[in-house]
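Structure first, then comments.
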Amino acid sequence: GDILVEDQIELPEDPQKVIGVIVSAIRKMISANKDRSFDGVGISLPGRLDLQPGPSRPAKQTTSKTIFAPNVRWPIGQIKSRVEQATGLPTFVDNVANACALSEVWFGDSDGNHDLVVVNVSEGLGTGIFANGRILRGEGGSAGEFGHVQVDPLGLPCGCGSTGCWETVASNRAGMRYYAEIVGKPSPSFENLLKLAASSDAAACQAIDRMCAALGRGMHMIASALAPSEIVVVGDITTIWRLAGPRIEQEMRRVPMVRVPRLRPAQDGNKARLRSAVALVMHDNQV
């Protein structure tokens, strides 16, 4: 599970060119590491896919079909076949929150015997549910979309077509919007907003506080609905966990719950999404 080599690429604005750029980066990574063997390619994605088994591999995914990806404009359902054709390697794709839940079992603090929910906080909000020893996928792979549960009927429009979804008040974009409203000018990037909060900038701290309060209210909903042993948070917000964690937990506990889960950041913090792709390959090879 150690990250040996890492690279970052900028995706093109043209959605039809995105997969080609990703494929090129993967081939370049393989070519630059010829002294290593490659067992497969893992890809964690910000969307829900219906992972479809084939007759020769009934327990494992052979194809994938996009069923819900409101924050993605490129054809993520094609990426598995395109990468396999380009590399000759088996390729495994899944929703990023599901992949992070598997990663917590493979590499993190979870023993795999207790139920957990991963909340992936980014431009949107996604959740991965690990229950009874496996990822809970629901009919067609659509389980876990707590980010698109409506929390404010009079709220802002959401990319899913609804209004007032949880992610409209608790995502990275919500934090940036709060900051812009407070100071009356555009927000910096979320990364820089976190740096401002870490340096005790008053407006940034107020914006992050509002975002974390909204996260806590949503996690109360998750805890009440699923009663997991723990809720694990993934994303850049974990880089200031000393500020964010207590505020999220305070709001989560504000209203009584039957069972209060342990709340913690992912072991890798904001690197958890990267490592989660490794867990997809390892997990599929064990199925």
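Starting from 1 in every chain, residues are counted up; chains themselves are A, B, ... following the order of the structure tokens, and ligands are numbered from 1 as listed.
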Could you write out, as an mmCIF file with C-alpha atoms, in the first residue's frame, all the residues of segment 2-201 of chain A that DSSP marks as strand (DSSP E or B)?
```cif
data_model
loop_
_atom_site.group_PDB
_atom_site.id
_atom_site.type_symbol
_atom_site.label_atom_id
_atom_site.label_comp_id
_atom_site.auth_asym_id
_atom_site.auth_seq_id
_atom_site.Cartn_x
_atom_site.Cartn_y
_atom_site.Cartn_z
ATOM 1 C CA VAL A 41 -4.798 -0.618 -12.918
ATOM 2 C CA GLY A 42 -7.154 0.702 -10.254
ATOM 3 C CA ILE A 43 -9.260 3.787 -10.934
ATOM 4 C CA SER A 44 -11.435 5.533 -8.354
ATOM 5 C CA LEU A 45 -14.015 7.882 -9.824
ATOM 6 C CA ARG A 48 -21.663 5.704 -9.480
ATOM 7 C CA LEU A 49 -21.114 2.807 -11.849
ATOM 8 C CA ASP A 50 -23.011 -0.423 -12.380
ATOM 9 C CA LEU A 51 -20.205 -2.988 -12.223
ATOM 10 C CA GLN A 52 -21.326 -5.828 -14.443
ATOM 11 C CA PRO A 53 -19.823 -9.348 -14.111
ATOM 12 C CA GLY A 54 -19.326 -11.528 -17.152
ATOM 13 C CA ARG A 57 -15.700 -14.108 -14.261
ATOM 14 C CA PRO A 58 -19.055 -14.123 -12.488
ATOM 15 C CA ALA A 59 -17.726 -12.639 -9.241
ATOM 16 C CA LYS A 60 -15.605 -9.925 -10.839
ATOM 17 C CA GLN A 61 -16.307 -6.840 -12.878
ATOM 18 C CA THR A 62 -15.816 -7.158 -16.633
ATOM 19 C CA THR A 63 -17.629 -4.017 -17.767
ATOM 20 C CA SER A 64 -18.918 -0.836 -16.170
ATOM 21 C CA LYS A 65 -21.771 1.498 -16.977
ATOM 22 C CA THR A 66 -22.186 5.016 -15.614
ATOM 23 C CA ILE A 67 -25.444 5.401 -13.718
ATOM 24 C CA PHE A 68 -24.906 8.626 -11.741
ATOM 25 C CA THR A 91 -8.452 -2.542 -14.930
ATOM 26 C CA PHE A 92 -10.777 -2.087 -11.973
ATOM 27 C CA VAL A 93 -12.972 0.961 -11.467
ATOM 28 C CA ASP A 94 -15.293 2.015 -8.690
ATOM 29 C CA ASN A 95 -16.788 5.016 -6.984
ATOM 30 C CA LEU A 116 -17.994 1.740 8.530
ATOM 31 C CA VAL A 117 -19.007 4.612 6.283
ATOM 32 C CA VAL A 118 -16.493 6.688 4.335
ATOM 33 C CA VAL A 119 -17.495 10.273 3.549
ATOM 34 C CA ASN A 120 -15.517 11.696 0.646
ATOM 35 C CA VAL A 121 -15.510 15.495 0.848
ATOM 36 C CA LEU A 125 -19.984 14.626 -1.352
ATOM 37 C CA GLY A 126 -19.948 10.858 -1.693
ATOM 38 C CA THR A 127 -20.260 8.000 0.769
ATOM 39 C CA GLY A 128 -19.038 4.431 0.679
ATOM 40 C CA ILE A 129 -20.697 1.878 2.963
ATOM 41 C CA PHE A 130 -18.842 -1.211 4.189
ATOM 42 C CA ALA A 131 -21.294 -3.472 6.000
ATOM 43 C CA ARG A 134 -18.500 -6.092 1.988
ATOM 44 C CA ILE A 135 -19.290 -2.906 0.101
ATOM 45 C CA GLN A 150 -32.222 17.062 0.140
ATOM 46 C CA PRO A 157 -29.660 24.122 -7.252
ATOM 47 C CA THR A 163 -32.184 21.673 -4.882
ATOM 48 C CA CYS A 165 -28.809 18.643 -1.459
#
```
### Task
From segment 205-268 of chain A, collect each residue whose DSSP state is alpha helix (DSSP H) and return the set as a ChimeraX atom specification.
/A:205-226,241-252
Please save N, CA and C atoms of the selected residues as a CSV table (one decimal), in the first residue's frame.
```csv
chain,number,residue,atom,x,y,z
A,205,CYS,N,-11.9,30.9,8.8
A,205,CYS,CA,-12.3,30.1,9.9
A,205,CYS,C,-13.8,30.0,10.0
A,206,GLN,N,-14.5,31.2,9.8
A,206,GLN,CA,-15.9,31.2,9.8
A,206,GLN,C,-16.5,30.4,8.7
A,207,ALA,N,-15.9,30.5,7.5
A,207,ALA,CA,-16.4,29.7,6.3
A,207,ALA,C,-16.3,28.2,6.6
A,208,ILE,N,-15.1,27.8,7.1
A,208,ILE,CA,-14.9,26.4,7.4
A,208,ILE,C,-15.8,25.9,8.5
A,209,ASP,N,-16.0,26.8,9.5
A,209,ASP,CA,-16.9,26.4,10.5
A,209,ASP,C,-18.3,26.1,10.0
A,210,ARG,N,-18.8,26.9,9.1
A,210,ARG,CA,-20.2,26.7,8.5
A,210,ARG,C,-20.2,25.4,7.7
A,211,MET,N,-19.1,25.2,7.0
A,211,MET,CA,-19.0,23.9,6.2
A,211,MET,C,-19.0,22.7,7.1
A,212,CYS,N,-18.2,22.8,8.2
A,212,CYS,CA,-18.1,21.6,9.1
A,212,CYS,C,-19.4,21.4,9.8
A,213,ALA,N,-20.1,22.4,10.2
A,213,ALA,CA,-21.4,22.3,10.8
A,213,ALA,C,-22.4,21.5,9.9
A,214,ALA,N,-22.4,21.9,8.7
A,214,ALA,CA,-23.2,21.2,7.7
A,214,ALA,C,-22.8,19.7,7.5
A,215,LEU,N,-21.5,19.5,7.5
A,215,LEU,CA,-21.0,18.1,7.4
A,215,LEU,C,-21.5,17.3,8.6
A,216,GLY,N,-21.4,17.9,9.8
A,216,GLY,CA,-21.8,17.2,11.0
A,216,GLY,C,-23.3,16.9,11.0
A,217,ARG,N,-24.1,17.8,10.5
A,217,ARG,CA,-25.6,17.5,10.4
A,217,ARG,C,-25.9,16.3,9.5
A,218,GLY,N,-25.1,16.3,8.4
A,218,GLY,CA,-25.3,15.1,7.5
A,218,GLY,C,-24.8,13.8,8.0
A,219,MET,N,-23.7,13.9,8.8
A,219,MET,CA,-23.2,12.7,9.4
A,219,MET,C,-24.1,12.2,10.5
A,220,HIS,N,-24.9,13.1,11.1
A,220,HIS,CA,-25.9,12.6,12.1
A,220,HIS,C,-26.9,11.8,11.3
A,221,MET,N,-27.3,12.2,10.1
A,221,MET,CA,-28.3,11.5,9.3
A,221,MET,C,-27.7,10.1,9.0
A,222,ILE,N,-26.4,10.0,8.6
A,222,ILE,CA,-25.8,8.8,8.3
A,222,ILE,C,-25.8,7.8,9.5
A,223,ALA,N,-25.4,8.4,10.6
A,223,ALA,CA,-25.3,7.6,11.8
A,223,ALA,C,-26.6,7.1,12.3
A,224,SER,N,-27.7,7.9,12.1
A,224,SER,CA,-29.0,7.5,12.5
A,224,SER,C,-29.6,6.4,11.6
A,225,ALA,N,-29.2,6.5,10.3
A,225,ALA,CA,-29.8,5.6,9.3
A,225,ALA,C,-29.1,4.3,9.3
A,226,LEU,N,-27.7,4.3,9.5
A,226,LEU,CA,-26.9,3.1,9.3
A,226,LEU,C,-26.3,2.5,10.5
A,241,TRP,N,-7.7,18.8,10.4
A,241,TRP,CA,-8.6,18.1,11.2
A,241,TRP,C,-8.7,18.6,12.7
A,242,ARG,N,-7.6,19.2,13.2
A,242,ARG,CA,-7.6,19.7,14.5
A,242,ARG,C,-8.7,20.8,14.7
A,243,LEU,N,-9.0,21.5,13.6
A,243,LEU,CA,-10.1,22.5,13.6
A,243,LEU,C,-11.4,21.9,13.1
A,244,ALA,N,-11.3,21.1,12.0
A,244,ALA,CA,-12.6,20.6,11.4
A,244,ALA,C,-13.2,19.4,12.2
A,245,GLY,N,-12.4,18.5,12.7
A,245,GLY,CA,-12.9,17.3,13.4
A,245,GLY,C,-13.8,17.6,14.6
A,246,PRO,N,-13.3,18.4,15.5
A,246,PRO,CA,-14.2,18.7,16.7
A,246,PRO,C,-15.5,19.5,16.3
A,247,ARG,N,-15.4,20.3,15.3
A,247,ARG,CA,-16.6,21.0,14.9
A,247,ARG,C,-17.6,20.1,14.2
A,248,ILE,N,-17.2,19.2,13.4
A,248,ILE,CA,-18.0,18.2,12.8
A,248,ILE,C,-18.7,17.3,13.8
A,249,GLU,N,-17.9,16.9,14.8
A,249,GLU,CA,-18.4,15.9,15.8
A,249,GLU,C,-19.3,16.7,16.7
A,250,GLN,N,-19.1,17.9,17.1
A,250,GLN,CA,-20.0,18.7,17.9
A,250,GLN,C,-21.3,18.8,17.3
A,251,GLU,N,-21.4,19.1,16.0
A,251,GLU,CA,-22.7,19.2,15.3
A,251,GLU,C,-23.4,17.8,15.2
A,252,MET,N,-22.6,16.8,14.9
A,252,MET,CA,-23.1,15.5,14.8
A,252,MET,C,-23.8,15.0,16.1
```
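Minimum atom-to-atom distance to Phe38 of chain A, evaluated using only C-alpha atoms, belongs to A:Thr87 out of A:Ser229, A:Thr87, A:Ser110, A:Asn192.
With only C-alpha atoms taken into account, the protein and nucleic acid residues at most 12 Å from Asp111 of chain A (excluding it and anything under 2 positions from it in its own chain) are A:Ala101, A:Leu102, A:Ser103, A:Glu104, A:Val105, A:Trp106, A:Phe107, A:Gly108, A:Asp109, A:Asn113, A:His114, A:Asp115, A:Leu116, A:Phe130, A:Gly133, A:Ser229, A:Glu230.
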Could the residues in this selection be saved with N, CA and C atoms as a short mmCIF file (atom, residue, chain, number, x, y, z; two decimals), in the first residue's frame?
```cif
data_model
loop_
_atom_site.label_atom_id
_atom_site.label_comp_id
_atom_site.auth_asym_id
_atom_site.auth_seq_id
_atom_site.Cartn_x
_atom_site.Cartn_y
_atom_site.Cartn_z
N ALA A 101 -13.45 3.04 1.17
CA ALA A 101 -13.91 2.13 2.21
C ALA A 101 -13.11 0.82 2.15
N LEU A 102 -12.88 0.30 0.96
CA LEU A 102 -12.04 -0.89 0.82
C LEU A 102 -10.62 -0.62 1.30
N SER A 103 -10.11 0.56 0.98
CA SER A 103 -8.75 0.92 1.39
C SER A 103 -8.60 0.95 2.91
N GLU A 104 -9.65 1.40 3.61
CA GLU A 104 -9.59 1.41 5.06
C GLU A 104 -9.48 -0.02 5.62
N VAL A 105 -10.09 -0.97 4.92
CA VAL A 105 -10.01 -2.37 5.36
C VAL A 105 -8.65 -2.96 5.01
N TRP A 106 -8.14 -2.65 3.83
CA TRP A 106 -6.86 -3.21 3.40
C TRP A 106 -5.68 -2.57 4.13
N PHE A 107 -5.70 -1.25 4.25
CA PHE A 107 -4.51 -0.53 4.72
C PHE A 107 -4.73 0.30 5.97
N GLY A 108 -5.98 0.57 6.35
CA GLY A 108 -6.25 1.51 7.42
C GLY A 108 -6.44 0.88 8.77
N ASP A 109 -7.18 1.59 9.63
CA ASP A 109 -7.37 1.16 11.01
C ASP A 109 -8.51 0.17 11.18
N ASN A 113 -14.21 -6.19 10.34
CA ASN A 113 -15.30 -6.90 11.02
C ASN A 113 -16.40 -5.97 11.51
N HIS A 114 -16.14 -4.66 11.42
CA HIS A 114 -17.12 -3.69 11.88
C HIS A 114 -17.58 -2.82 10.71
N ASP A 115 -18.84 -2.41 10.76
CA ASP A 115 -19.39 -1.58 9.69
C ASP A 115 -18.80 -0.18 9.74
N LEU A 116 -18.50 0.37 8.59
CA LEU A 116 -17.99 1.74 8.53
C LEU A 116 -18.58 2.44 7.32
N PHE A 130 -19.38 0.14 4.01
CA PHE A 130 -18.84 -1.21 4.19
C PHE A 130 -19.62 -1.85 5.33
N GLY A 133 -19.07 -7.10 6.08
CA GLY A 133 -17.89 -7.64 5.41
C GLY A 133 -17.76 -7.32 3.94
N SER A 229 -20.04 1.51 12.93
CA SER A 229 -19.09 1.57 14.04
C SER A 229 -18.26 2.84 13.97
N GLU A 230 -17.96 3.29 12.75
CA GLU A 230 -17.18 4.51 12.59
C GLU A 230 -17.50 5.19 11.27
#
```
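Every protein, DNA or RNA residue with an atom at most 6 Å from Ser276 of chain A, where only C-alpha atoms count and chain neighbours fewer than 2 positions away do not, is listed here: Ala99, Cys100, Ser103, Ala272, Arg273, Leu274, Val278 and Ala279 of chain A.
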Save out the residues we just selected, N, CA, C and O atoms, as a compact mmCIF listing (two decimals), in the first residue's frame.
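Now in again20.txt:
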```txt
# COMPACT_ATOMS: atom_id res chain seq x y z
N ALA A 99 -14.17 2.84 -3.01
CA ALA A 99 -12.77 2.43 -3.04
C ALA A 99 -12.06 2.81 -1.75
O ALA A 99 -11.24 2.04 -1.22
N CYS A 100 -12.37 3.98 -1.21
CA CYS A 100 -11.75 4.40 0.04
C CYS A 100 -12.20 3.51 1.21
O CYS A 100 -11.43 3.27 2.14
N SER A 103 -10.11 0.56 0.98
CA SER A 103 -8.75 0.92 1.39
C SER A 103 -8.60 0.95 2.91
O SER A 103 -7.56 0.56 3.44
N ALA A 272 -5.80 9.44 0.64
CA ALA A 272 -6.58 8.20 0.71
C ALA A 272 -7.18 7.83 -0.64
O ALA A 272 -7.28 6.65 -0.98
N ARG A 273 -7.58 8.82 -1.42
CA ARG A 273 -8.20 8.53 -2.71
C ARG A 273 -7.21 7.89 -3.66
O ARG A 273 -7.57 7.03 -4.47
N LEU A 274 -5.95 8.29 -3.57
CA LEU A 274 -4.92 7.71 -4.43
C LEU A 274 -4.66 6.26 -4.04
O LEU A 274 -4.64 5.36 -4.88
N VAL A 278 -5.35 1.28 -5.40
CA VAL A 278 -4.58 0.05 -5.19
C VAL A 278 -5.46 -1.02 -4.56
O VAL A 278 -5.41 -2.20 -4.93
N ALA A 279 -6.30 -0.61 -3.62
CA ALA A 279 -7.19 -1.56 -2.94
C ALA A 279 -8.14 -2.23 -3.93
O ALA A 279 -8.50 -3.39 -3.75
```
